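Novice: Contents of run.pdb (PDB, C-alpha atoms) are given next:
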ATOM      1  CA  MET A  88      10.699  -9.863   2.567
ATOM      2  CA  ALA A  89      13.365  -9.319   5.243
ATOM      3  CA  PRO A  90      12.478  -6.616   7.796
ATOM      4  CA  VAL A  91      14.182  -3.243   7.332
ATOM      5  CA  LEU A  92      14.457  -2.792  11.109
ATOM      6  CA  GLU A  93      15.083  -5.697  13.490
ATOM      7  CA  VAL A  94      15.326  -5.021  17.225
ATOM      8  CA  SER A  95      16.243  -7.979  19.416
ATOM      9  CA  GLY A  96      16.579  -8.125  23.210
ATOM     10  CA  LEU A  97      17.160  -4.376  23.620
ATOM     11  CA  SER A  98      17.813  -3.318  27.231
ATOM     12  CA  THR A  99      18.727   0.166  28.478
ATOM     13  CA  VAL A 100      19.492   1.200  32.054
ATOM     14  CA  PHE A 101      20.380   4.411  33.898
ATOM     15  CA  HIS A 102      22.772   4.545  36.844
ATOM     16  CA  THR A 103      21.307   6.995  39.375
ATOM     17  CA  ARG A 104      21.775   7.897  43.027
ATOM     18  CA  ARG A 105      18.567   6.016  43.804
ATOM     19  CA  GLY A 106      19.786   2.861  42.155
ATOM     20  CA  LEU A 107      19.663   1.183  38.774
ATOM     21  CA  VAL A 108      16.721   2.313  36.619
ATOM     22  CA  ARG A 109      15.775  -0.380  34.105
ATOM     23  CA  ALA A 110      14.113   1.850  31.515
ATOM     24  CA  VAL A 111      13.891  -0.731  28.695
ATOM     25  CA  GLN A 112      14.042  -4.476  29.305
ATOM     26  CA  ASP A 113      14.432  -7.143  26.638
ATOM     27  CA  VAL A 114      12.370  -5.396  23.928
ATOM     28  CA  SER A 115      12.190  -7.017  20.476
ATOM     29  CA  PHE A 116      10.254  -6.147  17.317
ATOM     30  CA  SER A 117      10.694  -5.796  13.556
ATOM     31  CA  VAL A 118       9.309  -3.461  10.883
ATOM     32  CA  ASN A 119       9.041  -4.053   7.128
ATOM     33  CA  ALA A 120       9.423  -1.474   4.379
ATOM     34  CA  GLY A 121       6.291   0.668   4.079
ATOM     35  CA  GLU A 122       4.892  -0.617   7.386
ATOM     36  CA  THR A 123       3.974   1.389  10.486
ATOM     37  CA  LEU A 124       4.544  -0.143  13.913
ATOM     38  CA  ALA A 125       3.035   1.784  16.825
ATOM     39  CA  ILE A 126       4.491   1.608  20.343
ATOM     40  CA  VAL A 127       1.914   2.689  22.927
ATOM     41  CA  GLY A 128       1.653   3.060  26.688
ATOM     42  CA  GLU A 129       1.400   5.610  29.478
ATOM     43  CA  SER A 130       4.100   8.175  30.163
ATOM     44  CA  GLY A 131       7.000   6.476  31.926
ATOM     45  CA  CYS A 132       6.554   3.100  30.227
ATOM     46  CA  GLY A 133       9.791   3.296  28.215
ATOM     47  CA  LYS A 134       8.531   4.355  24.783
ATOM     48  CA  THR A 135      10.790   7.369  24.245
ATOM     49  CA  ILE A 136      13.846   5.656  25.762
ATOM     50  CA  THR A 137      13.275   2.822  23.284
ATOM     51  CA  ALA A 138      13.255   5.355  20.435
ATOM     52  CA  LEU A 139      16.389   7.114  21.680
ATOM     53  CA  SER A 140      18.110   3.739  22.112
ATOM     54  CA  LEU A 141      17.399   2.907  18.459
ATOM     55  CA  MET A 142      19.118   6.159  17.490
ATOM     56  CA  ARG A 143      21.889   5.700  20.089
ATOM     57  CA  LEU A 144      21.073   9.097  21.575
ATOM     58  CA  ILE A 145      21.080   7.907  25.193
ATOM     59  CA  PRO A 146      23.421  10.075  27.285
ATOM     60  CA  MET A 147      26.278   7.846  28.453
ATOM     61  CA  PRO A 148      26.755   8.139  31.408
ATOM     62  CA  PRO A 149      24.343   7.841  33.186
ATOM     63  CA  GLY A 150      22.609   5.759  30.519
ATOM     64  CA  GLN A 151      23.860   2.482  29.109
ATOM     65  CA  ILE A 152      22.541   0.092  26.474
ATOM     66  CA  THR A 153      23.391  -3.182  28.179
ATOM     67  CA  SER A 154      22.267  -5.789  25.642
ATOM     68  CA  GLY A 155      20.514  -6.490  22.368
ATOM     69  CA  SER A 156      20.881  -5.545  18.729
ATOM     70  CA  VAL A 157      19.328  -2.913  16.438
ATOM     71  CA  LYS A 158      19.760  -3.909  12.805
ATOM     72  CA  VAL A 159      18.918  -1.628   9.869
ATOM     73  CA  ASP A 160      19.289  -3.455   6.554
ATOM     74  CA  GLY A 161      21.390  -6.044   8.382
ATOM     75  CA  THR A 162      23.799  -3.540   9.996
ATOM     76  CA  ASP A 163      23.825  -3.652  13.815
ATOM     77  CA  LEU A 164      23.840  -0.042  14.978
ATOM     78  CA  LEU A 165      24.977  -1.011  18.470
ATOM     79  CA  GLN A 166      28.265  -2.362  17.077
ATOM     80  CA  LEU A 167      29.221   0.824  15.211
ATOM     81  CA  ASP A 168      31.616   3.449  16.533
ATOM     82  CA  GLU A 169      30.324   7.012  16.925
ATOM     83  CA  ARG A 170      31.719   8.184  13.594
ATOM     84  CA  GLU A 171      29.979   5.370  11.720
ATOM     85  CA  MET A 172      26.776   5.954  13.699
ATOM     86  CA  ARG A 173      26.686   9.622  12.702
ATOM     87  CA  LYS A 174      26.595   8.495   9.074
ATOM     88  CA  MET A 175      23.637   6.219   9.819
ATOM     89  CA  ARG A 176      21.606   8.886  11.636
ATOM     90  CA  GLY A 177      19.660  10.779   9.030
ATOM     91  CA  GLY A 178      21.012   8.560   6.278
ATOM     92  CA  LYS A 179      19.515   5.130   7.067
ATOM     93  CA  ILE A 180      17.499   5.916  10.219
ATOM     94  CA  ALA A 181      15.985   9.277  11.162
ATOM     95  CA  MET A 182      13.838  10.633  13.969
ATOM     96  CA  ILE A 183      11.064  13.182  14.382
ATOM     97  CA  PHE A 184      11.248  14.553  17.927
ATOM     98  CA  GLN A 185       8.292  15.349  20.142
ATOM     99  CA  GLU A 186       8.992  19.092  20.434
ATOM    100  CA  PRO A 187      10.496  20.641  17.275
ATOM    101  CA  MET A 188      11.250  23.974  18.951
ATOM    102  CA  THR A 189      13.876  22.304  21.152
ATOM    103  CA  ALA A 190      15.094  19.922  18.420
ATOM    104  CA  LEU A 191      15.761  22.597  15.787
ATOM    105  CA  ASN A 192      18.770  24.926  16.055
ATOM    106  CA  PRO A 193      17.414  28.439  16.751
ATOM    107  CA  LEU A 194      20.536  30.091  15.270
ATOM    108  CA  LEU A 195      20.286  28.506  11.800
ATOM    109  CA  THR A 196      17.664  28.932   9.108
ATOM    110  CA  ILE A 197      15.377  26.007   8.346
ATOM    111  CA  GLY A 198      16.819  25.666   4.840
ATOM    112  CA  ARG A 199      20.399  25.509   6.117
ATOM    113  CA  GLN A 200      19.535  22.819   8.682
ATOM    114  CA  ILE A 201      17.954  20.616   6.014
ATOM    115  CA  ALA A 202      20.784  21.334   3.553
ATOM    116  CA  GLU A 203      23.408  20.259   6.104
ATOM    117  CA  MET A 204      21.749  16.839   6.300
ATOM    118  CA  VAL A 205      21.955  16.451   2.529
ATOM    119  CA  MET A 206      25.577  17.627   2.384
ATOM    120  CA  LEU A 207      26.595  15.264   5.187
ATOM    121  CA  HIS A 208      24.901  12.073   3.983
ATOM    122  CA  ASP A 209      24.699  12.497   0.198
ATOM    123  CA  ASN A 210      28.025  14.327  -0.240
ATOM    124  CA  ALA A 211      26.174  16.990  -2.210
ATOM    125  CA  SER A 212      27.409  20.486  -3.015
ATOM    126  CA  ARG A 213      25.979  23.459  -1.123
ATOM    127  CA  ALA A 214      23.944  24.553  -4.155
ATOM    128  CA  VAL A 215      22.441  21.086  -4.689
ATOM    129  CA  ALA A 216      21.696  20.745  -0.957
ATOM    130  CA  LYS A 217      19.984  24.137  -0.893
ATOM    131  CA  THR A 218      17.792  23.123  -3.835
ATOM    132  CA  ARG A 219      16.946  19.805  -2.128
ATOM    133  CA  ALA A 220      15.973  21.658   1.051
ATOM    134  CA  VAL A 221      13.450  23.778  -0.845
ATOM    135  CA  GLU A 222      12.127  20.670  -2.602
ATOM    136  CA  MET A 223      11.615  18.895   0.742
ATOM    137  CA  LEU A 224       9.764  21.888   2.180
ATOM    138  CA  HIS A 225       7.520  21.739  -0.876
ATOM    139  CA  HIS A 226       7.083  17.972  -0.308
ATOM    140  CA  VAL A 227       5.793  18.577   3.216
ATOM    141  CA  ARG A 228       3.322  21.155   1.869
ATOM    142  CA  ILE A 229       4.842  24.287   3.369
ATOM    143  CA  PRO A 230       3.637  27.267   1.301
ATOM    144  CA  GLU A 231       6.271  29.525  -0.283
ATOM    145  CA  PRO A 232       9.104  27.060   0.428
ATOM    146  CA  GLU A 233      11.802  29.363  -0.991
ATOM    147  CA  ARG A 234      10.912  32.084   1.520
ATOM    148  CA  ARG A 235      10.356  29.657   4.408
ATOM    149  CA  ALA A 236      13.783  28.116   3.825
ATOM    150  CA  ARG A 237      15.313  31.498   4.768
ATOM    151  CA  GLU A 238      13.351  31.737   8.015
ATOM    152  CA  TYR A 239      14.380  30.707  11.535
ATOM    153  CA  PRO A 240      12.411  28.237  13.714
ATOM    154  CA  HIS A 241      10.914  30.982  15.916
ATOM    155  CA  GLN A 242       9.316  32.550  12.834
ATOM    156  CA  MET A 243       7.185  29.454  12.200
ATOM    157  CA  SER A 244       4.103  28.072  13.920
ATOM    158  CA  GLY A 245       4.183  24.738  15.753
ATOM    159  CA  GLY A 246       2.651  22.911  12.806
ATOM    160  CA  MET A 247       5.138  24.471  10.380
ATOM    161  CA  ARG A 248       8.079  23.551  12.604
ATOM    162  CA  GLN A 249       6.859  19.959  12.774
ATOM    163  CA  ARG A 250       6.617  19.868   8.971
ATOM    164  CA  ALA A 251      10.165  21.232   8.769
ATOM    165  CA  MET A 252      11.306  18.455  11.137
ATOM    166  CA  ILE A 253       9.688  15.881   8.863
ATOM    167  CA  ALA A 254      11.376  17.446   5.838
ATOM    168  CA  MET A 255      14.742  17.248   7.589
ATOM    169  CA  ALA A 256      14.172  13.636   8.675
ATOM    170  CA  LEU A 257      13.206  12.505   5.169
ATOM    171  CA  ALA A 258      15.685  14.652   3.202
ATOM    172  CA  CYS A 259      18.022  11.698   2.618
ATOM    173  CA  LYS A 260      15.218   9.134   2.178
ATOM    174  CA  PRO A 261      16.035   6.999   5.245
ATOM    175  CA  LYS A 262      14.986   3.367   5.442
ATOM    176  CA  VAL A 263      13.518   3.830   8.941
ATOM    177  CA  LEU A 264      11.695   6.801  10.454
ATOM    178  CA  VAL A 265      11.180   6.968  14.225
ATOM    179  CA  ALA A 266       8.380   9.406  15.112
ATOM    180  CA  ASP A 267       8.246  10.213  18.839
ATOM    181  CA  GLU A 268       4.750  11.561  19.518
ATOM    182  CA  PRO A 269       4.921  13.867  16.476
ATOM    183  CA  THR A 270       1.468  15.397  17.053
ATOM    184  CA  THR A 271       1.360  15.851  20.846
ATOM    185  CA  ALA A 272       1.708  19.646  20.958
ATOM    186  CA  LEU A 273      -0.568  20.329  17.969
ATOM    187  CA  ASP A 274      -4.305  20.985  17.728
ATOM    188  CA  VAL A 275      -6.464  18.207  16.262
ATOM    189  CA  THR A 276      -6.757  19.715  12.777
ATOM    190  CA  ILE A 277      -2.985  20.052  12.399
ATOM    191  CA  GLN A 278      -2.544  16.595  13.954
ATOM    192  CA  ALA A 279      -4.610  15.060  11.165
ATOM    193  CA  GLN A 280      -2.640  16.950   8.514
ATOM    194  CA  ILE A 281       0.716  15.830   9.958
ATOM    195  CA  LEU A 282      -0.380  12.179  10.143
ATOM    196  CA  ASP A 283      -1.683  12.290   6.563
ATOM    197  CA  LEU A 284       1.595  13.860   5.483
ATOM    198  CA  ILE A 285       3.702  11.144   7.155
ATOM    199  CA  GLY A 286       1.511   8.487   5.529
ATOM    200  CA  ASP A 287       1.802  10.030   2.064
ATOM    201  CA  LEU A 288       5.583  10.398   2.315
ATOM    202  CA  GLN A 289       5.858   6.847   3.647
ATOM    203  CA  LYS A 290       4.069   5.524   0.558
ATOM    204  CA  GLU A 291       6.247   7.644  -1.728
ATOM    205  CA  PHE A 292       9.583   6.641  -0.199
ATOM    206  CA  GLY A 293       8.682   3.145   1.148
ATOM    207  CA  THR A 294       9.882   4.101   4.625
ATOM    208  CA  ALA A 295       9.415   1.831   7.657
ATOM    209  CA  VAL A 296       7.855   3.915  10.453
ATOM    210  CA  VAL A 297       8.058   3.379  14.210
ATOM    211  CA  LEU A 298       5.351   5.589  15.748
ATOM    212  CA  ILE A 299       5.676   6.357  19.471
ATOM    213  CA  THR A 300       2.366   7.558  20.927
ATOM    214  CA  HIS A 301      -0.123   7.311  23.779
ATOM    215  CA  ASP A 302      -3.070   8.214  21.529
ATOM    216  CA  LEU A 303      -4.952   5.056  20.527
ATOM    217  CA  GLY A 304      -7.029   7.045  18.051
ATOM    218  CA  VAL A 305      -3.842   7.901  16.138
ATOM    219  CA  VAL A 306      -2.833   4.232  16.303
ATOM    220  CA  ALA A 307      -6.135   3.082  14.822
ATOM    221  CA  GLU A 308      -5.743   5.417  11.845
ATOM    222  CA  THR A 309      -2.081   4.863  10.997
ATOM    223  CA  ALA A 310      -0.556   1.592  12.233
ATOM    224  CA  GLN A 311      -0.586  -1.967  10.914
ATOM    225  CA  ARG A 312       0.870  -3.535  14.082
ATOM    226  CA  VAL A 313       1.011  -2.421  17.701
ATOM    227  CA  VAL A 314       3.431  -3.023  20.579
ATOM    228  CA  VAL A 315       2.094  -2.200  24.063
ATOM    229  CA  MET A 316       4.718  -1.340  26.699
ATOM    230  CA  TYR A 317       4.443  -1.177  30.465
ATOM    231  CA  ALA A 318       7.225  -0.506  32.975
ATOM    232  CA  GLY A 319       9.924  -0.880  30.327
ATOM    233  CA  ARG A 320       8.713  -4.199  28.898
ATOM    234  CA  LYS A 321       6.524  -5.389  26.056
ATOM    235  CA  VAL A 322       3.244  -6.717  27.443
ATOM    236  CA  GLU A 323       1.321  -7.215  24.175
ATOM    237  CA  GLU A 324       1.885  -7.231  20.417
ATOM    238  CA  ALA A 325      -0.646  -7.886  17.659
ATOM    239  CA  PRO A 326      -1.971  -6.640  14.303
ATOM    240  CA  ILE A 327      -4.068  -3.486  14.605
ATOM    241  CA  LYS A 328      -7.457  -5.202  14.156
ATOM    242  CA  GLU A 329      -6.645  -7.761  16.858
ATOM    243  CA  ILE A 330      -5.590  -5.031  19.298
ATOM    244  CA  PHE A 331      -8.989  -3.351  19.155
ATOM    245  CA  ALA A 332     -11.166  -6.441  18.622
ATOM    246  CA  ARG A 333      -9.566  -8.803  21.164
ATOM    247  CA  PRO A 334      -7.263  -7.016  23.628
ATOM    248  CA  SER A 335      -5.587  -9.668  25.797
ATOM    249  CA  HIS A 336      -3.650  -7.890  28.543
ATOM    250  CA  PRO A 337      -5.676  -6.170  31.319
ATOM    251  CA  TYR A 338      -3.472  -3.095  30.876
ATOM    252  CA  LEU A 339      -4.469  -2.693  27.229
ATOM    253  CA  ARG A 340      -8.121  -3.322  28.087
ATOM    254  CA  GLY A 341      -7.826  -0.553  30.682
ATOM    255  CA  LEU A 342      -6.336   1.840  28.128
ATOM    256  CA  LEU A 343      -9.148   1.120  25.671
ATOM    257  CA  ASN A 344     -11.854   1.472  28.333
ATOM    258  CA  SER A 345     -10.481   4.851  29.423
ATOM    259  CA  ILE A 346     -11.070   6.438  25.992
ATOM    260  CA  PRO A 347     -13.931   8.994  26.217
ATOM    261  CA  ARG A 348     -16.943   8.128  24.059
ATOM    262  CA  VAL A 349     -19.738  10.397  22.882
ATOM    263  CA  GLY A 350     -22.509   7.800  23.241
ATOM    264  CA  SER A 351     -23.115   4.358  24.680
ATOM    265  CA  ALA A 352     -22.942   1.110  22.729
ATOM    266  CA  ARG A 353     -26.683   1.438  21.956
ATOM    267  CA  GLY A 354     -26.193   4.853  20.411
ATOM    268  CA  LEU A 355     -27.908   6.677  23.280
ATOM    269  CA  ASP A 356     -26.541   9.620  25.217
ATOM    270  CA  VAL A 357     -24.287   8.746  28.125
ATOM    271  CA  SER A 358     -25.822   9.349  31.533
ATOM    272  CA  PRO A 359     -24.425  12.475  33.256
ATOM    273  CA  ASP A 360     -23.503  10.418  36.327
ATOM    274  CA  GLU A 361     -21.679   7.705  34.329
ATOM    275  CA  ARG A 362     -17.981   7.855  35.221
ATOM    276  CA  LEU A 363     -15.218   7.391  32.702
ATOM    277  CA  GLN A 364     -13.398   4.135  33.462
ATOM    278  CA  GLU A 365      -9.819   4.557  34.587
ATOM    279  CA  ILE A 366      -6.787   2.488  35.565
ATOM    280  CA  SER A 367      -6.142   2.998  39.261
ATOM    281  CA  GLY A 368      -2.669   3.933  40.486
ATOM    282  CA  ILE A 369       0.379   4.995  38.484
ATOM    283  CA  VAL A 370       3.275   3.366  36.637
ATOM    284  CA  PRO A 371       5.710   2.056  39.288
ATOM    285  CA  PRO A 372       9.199   3.606  39.560
ATOM    286  CA  LEU A 373      11.553   1.696  37.281
ATOM    287  CA  ASN A 374      14.138   1.349  40.032
ATOM    288  CA  ASP A 375      11.646  -0.326  42.377
ATOM    289  CA  LEU A 376       9.381  -2.610  40.368
ATOM    290  CA  PRO A 377       6.980  -4.944  42.189
ATOM    291  CA  VAL A 378       7.680  -8.673  42.396
ATOM    292  CA  GLY A 379       5.961 -10.736  39.706
ATOM    293  CA  CYS A 380       3.974  -8.945  37.021
ATOM    294  CA  ALA A 381       4.752  -5.215  37.144
ATOM    295  CA  PHE A 382       1.069  -4.425  36.518
ATOM    296  CA  ASN A 383      -0.274  -6.549  39.398
ATOM    297  CA  PRO A 384      -0.763  -3.672  41.939
ATOM    298  CA  ARG A 385      -3.154  -1.979  39.469
ATOM    299  CA  CYS A 386      -4.827  -5.102  38.045
ATOM    300  CA  SER A 387      -8.244  -6.283  39.232
ATOM    301  CA  LEU A 388      -7.514  -9.797  37.914
ATOM    302  CA  ALA A 389      -4.194 -10.262  39.745
ATOM    303  CA  ASN A 390      -3.837 -13.433  41.846
ATOM    304  CA  ASP A 391      -1.048 -15.001  43.913
ATOM    305  CA  GLN A 392       0.727 -16.260  40.785
ATOM    306  CA  CYS A 393       0.756 -12.737  39.303
ATOM    307  CA  ARG A 394       2.299 -11.390  42.535
ATOM    308  CA  ALA A 395       5.009 -14.062  42.642
ATOM    309  CA  GLU A 396       6.017 -14.755  39.030
ATOM    310  CA  ARG A 397       6.695 -12.578  36.017
ATOM    311  CA  PRO A 398       4.642 -13.873  33.072
ATOM    312  CA  ALA A 399       6.474 -14.842  29.889
ATOM    313  CA  PHE A 400       5.805 -12.965  26.658
ATOM    314  CA  GLU A 401       4.222 -15.719  24.567
ATOM    315  CA  LEU A 402       1.877 -16.457  21.675
ATOM    316  CA  LYS A 403      -1.791 -16.522  22.712
ATOM    317  CA  HIS A 404      -3.511 -17.013  19.347
ATOM    318  CA  GLY A 405      -2.797 -16.213  15.697
ATOM    319  CA  ASP A 406      -0.246 -13.379  15.611
ATOM    320  CA  HIS A 407      -1.303 -12.150  19.045
ATOM    321  CA  TYR A 408       1.336 -12.158  21.826
ATOM    322  CA  ALA A 409       0.939 -11.147  25.459
ATOM    323  CA  ALA A 410       2.720 -11.363  28.811
ATOM    324  CA  CYS A 411      -0.115 -12.200  31.173
ATOM    325  CA  PHE A 412      -1.360 -15.234  33.106
ATOM    326  CA  GLN A 413      -4.941 -13.963  32.730
ATOM    327  CA  ALA A 414      -4.812 -13.120  29.003
TER     328      ALA A 414
END
Translate this structure into structure tokens?

Specialist:
Amino acid sequence: MAPVLEVSGLSTVFHTRRGLVRAVQDVSFSVNAGETLAIVGESGCGKTITALSLMRLIPMPPGQITSGSVKVDGTDLLQLDEREMRKMRGGKIAMIFQEPMTALNPLLTIGRQIAEMVMLHDNASRAVAKTRAVEMLHHVRIPEPERRAREYPHQMSGGMRQRAMIAMALACKPKVLVADEPTTALDVTIQAQILDLIGDLQKEFGTAVVLITHDLGVVAETAQRVVVMYAGRKVEEAPIKEIFARPSHPYLRGLLNSIPRVGSARGLDVSPDERLQEISGIVPPLNDLPVGCAFNPRCSLANDQCRAERPAFELKHGDHYAACFQA
């Protein structure tokens, strides 16, 4: 089966007073229908800029997509003019934003915002679009959808607004759904409900999902494959079981080791003086990356080769890729 989404050599930069910021560098991946690909990493690693580049929502200037291709069903989005791209957004590829309160229009009712998507992409009448909006609110399990469709975003809770965002994104049954940390601002109970909802709708519509997150627990529950990003580049990619069973890159091993655990490996209580493992330092500024491997200043395994050369992203074993001399 041909992938629904194919991203090849995507690079995005920002021209700033402090110099050229290379936010995304030579990123490639593909997603099949009904599959979930998770992109993980710390804040500042390029995850959200990758998502916005897929949607061509980078502000230009100062941003610029300098190279690569983003193909949805064989159509390269980077070659379309803005009018053609507007037809693709919401129609073939849609996005759930991290904070729905800033993504939704506060002056329009929820029902009208969903209906506008249907009218724009499906050329439906206002009456048909209004009916579809109520149906989508019912799909995302919002109680009393007819009444909620007449409400404004500020009248809903955070969880309800996120459900409304999902309804809007899936109203036209897009081929690809990009979810940028869709559960970050929600409590854990609502997080689980939102993730279950996305999974159920994905199965119903056969949507390919790109999940942007820093929560490895969410990744373990939802994704089939994982891309790990650091300083704007891919540093590891593998099926979900491989990521947790045999992490190759020291950065990913550091992320996994920094997850809090209730008990030790033997099932005993953790000692009160046992410190949580952490990755020292911070992500380097993207306009001043270190020579060689970008992770080398924070890596305990770094040697002279790591400080002088940038490792190639290559196959290590099976379907497991990594960019590391020590993998």

Novice: A:Gly131: which residues within 8 Å, counting only C-alpha atoms, same-chain residues fewer than 3 positions away excluded, as a PDB file with C-alpha atoms, keeping the file's coordinate frame?

Specialist:
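Okay, selection.pdb is ready:
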ATOM      1  CA  LYS A 134       8.531   4.355  24.783  1.00  0.00           C
ATOM      2  CA  ALA A 318       7.225  -0.506  32.975  1.00  0.00           C
ATOM      3  CA  VAL A 370       3.275   3.366  36.637  1.00  0.00           C
TER       4      VAL A 370
END

Novice: Looking at A:Phe400, A:Phe184, A:Phe101, A:Tyr338, which one is nearest to A:Asp113, with distances taken over all atoms listed in the file?

Specialist: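 Answer, going by the shortest atom-to-atom distance: A:Phe400.
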
Novice: Hey, which of A:Gln413, A:Gln166, A:Thr218, A:Ser117 ends up closest to A:Ala258? Count all atoms listed in the file.

Specialist: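 Between A:Gln413, A:Gln166, A:Thr218, A:Ser117, the residue approaching A:Ala258 most closely is A:Thr218.
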
Novice: Taking (10.2, 18.5, 5.1) in the file's coordinates as the center, which residues reach within 12 Å of it, counting all atoms listed in the file, put as a ChimeraX atom specification?

Specialist: /A:183,197-198,200-202,204,219-230,232,235-236,246-260,281,284-285,288

Novice: Determine, counting only C-alpha atoms, which protein, DNA and RNA residues have an atom within 9 Å of an atom of A:Gln289; residues of the same chain fewer than 4 positions away are not included. Present the result as a list in words.

Specialist: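 Near neighbours after the sequence-gap exclusion: Gly121, Glu122, Thr123, Leu264, Leu284, Ile285, Gly293, Thr294, Ala295 and Val296 of chain A.
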
Novice: Would you mind telling me which residue in A:Ser98, A:Leu165, A:Ala181, A:Ala410 lies nearest to A:Gly150 when using only C-alpha atoms?

Specialist: A:Ser98

Novice: Please report the interatomic distance between atom CA of A:Lys262 and atom CA of A:Lys179 in Å with one decimal.

Specialist: 5.1 Å

Novice: With only C-alpha atoms as the atoms that count, which of A:Ile299, A:Ala389, A:Met206, A:Ala414 lies nearest to A:Val314?

Specialist: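 The closest residue to A:Val314 is A:Ile299.
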
Novice: Name the residues, using the chain letters and numbers of the file, that sit within 12 Å of (10.1, 34.7, 11.9) when counting all atoms listed in the file, and give them as a PyMOL selection string.

Specialist: chain A and resi 193-197+234-244+247-248

Novice: Once the PyMOL selection byres ((chain A and resi 343) around 12) is applied to the coordinates I shared, what remains selected? I want it as a ChimeraX atom specification.

Specialist: /A:127-128,301-304,306-307,315,330-342,344-348,363-366

Novice: Using the file's own x, y and z axes, what box holds all listed atoms of stretch 287-291 of chain A with 5 Å on each side, keeping edges along x, y and z, and what are its centre and edge lengths in Å to one decimal, as AutoDock Vina command-line options?

Specialist:
--center_x 4.0 --center_y 8.0 --center_z 1.0 --size_x 14.4 --size_y 14.9 --size_z 15.4

Novice: So which residues touch A:Val100 within 9 Å, counting all atoms listed in the file, skipping near sequence neighbours fewer than 2 positions away, as an NGL selection string?

Specialist: :A and (98 or 102 or 107-112 or 149-153)

Novice: I'd like the residues picked by the PyMOL selection byres ((chain A and resi 178) around 6) written out as a list in words, using the chain letters and numbers from the file.

Specialist: Met175, Arg176, Gly177, Lys179, Ile180, His208, Cys259 and Pro261 of chain A

Novice: Counting all atoms listed in the file, which residue out of A:Val297, A:Ala138, A:Cys132, A:Leu207 sits closest to A:Ala120?

Specialist: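 Closest to A:Ala120, using all atoms listed in the file: A:Val297.
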
Novice: Between atom CA of A:Thr99 and atom CA of A:Val118, what is the distance, to one decimal in Å?

Specialist: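 Going from atom CA of A:Thr99 over to atom CA of A:Val118 covers 20.3 Å.
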
Novice: Nearest to A:Leu139: which of A:Met188, A:Ile369, A:Val265, A:Ala395 is it, counting all atoms listed in the file?

Specialist: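 Under the stated criterion, the closest residue is A:Val265.
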
Novice: Using Å and a single decimal, report how far atom CA of A:Pro398 sits from atom CA of A:Ile327.

Specialist: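 Rounded to one decimal, the two atoms are 22.9 Å apart.
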
Novice: Using all atoms listed in the file, which protein or nucleic acid residues come within 12 Å of A:Asn390? Drop anything in the same chain fewer than 3 positions from it, and give the result as an MDAnalysis selection string.

Specialist: chainID A and resid 379:380 382:387 393:396 411:413

Novice: Now that the selection is made, can you save its residues with C-alpha atoms as a short mmCIF file (atom, residue, chain, number, x, y, z; two decimals), in the frame of the given file?

Specialist:
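Writing the result to again_32.cif gives the following:
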data_model
loop_
_atom_site.label_atom_id
_atom_site.label_comp_id
_atom_site.auth_asym_id
_atom_site.auth_seq_id
_atom_site.Cartn_x
_atom_site.Cartn_y
_atom_site.Cartn_z
CA GLY A 379 5.96 -10.74 39.71
CA CYS A 380 3.97 -8.94 37.02
CA PHE A 382 1.07 -4.42 36.52
CA ASN A 383 -0.27 -6.55 39.40
CA PRO A 384 -0.76 -3.67 41.94
CA ARG A 385 -3.15 -1.98 39.47
CA CYS A 386 -4.83 -5.10 38.04
CA SER A 387 -8.24 -6.28 39.23
CA CYS A 393 0.76 -12.74 39.30
CA ARG A 394 2.30 -11.39 42.54
CA ALA A 395 5.01 -14.06 42.64
CA GLU A 396 6.02 -14.76 39.03
CA CYS A 411 -0.12 -12.20 31.17
CA PHE A 412 -1.36 -15.23 33.11
CA GLN A 413 -4.94 -13.96 32.73
#
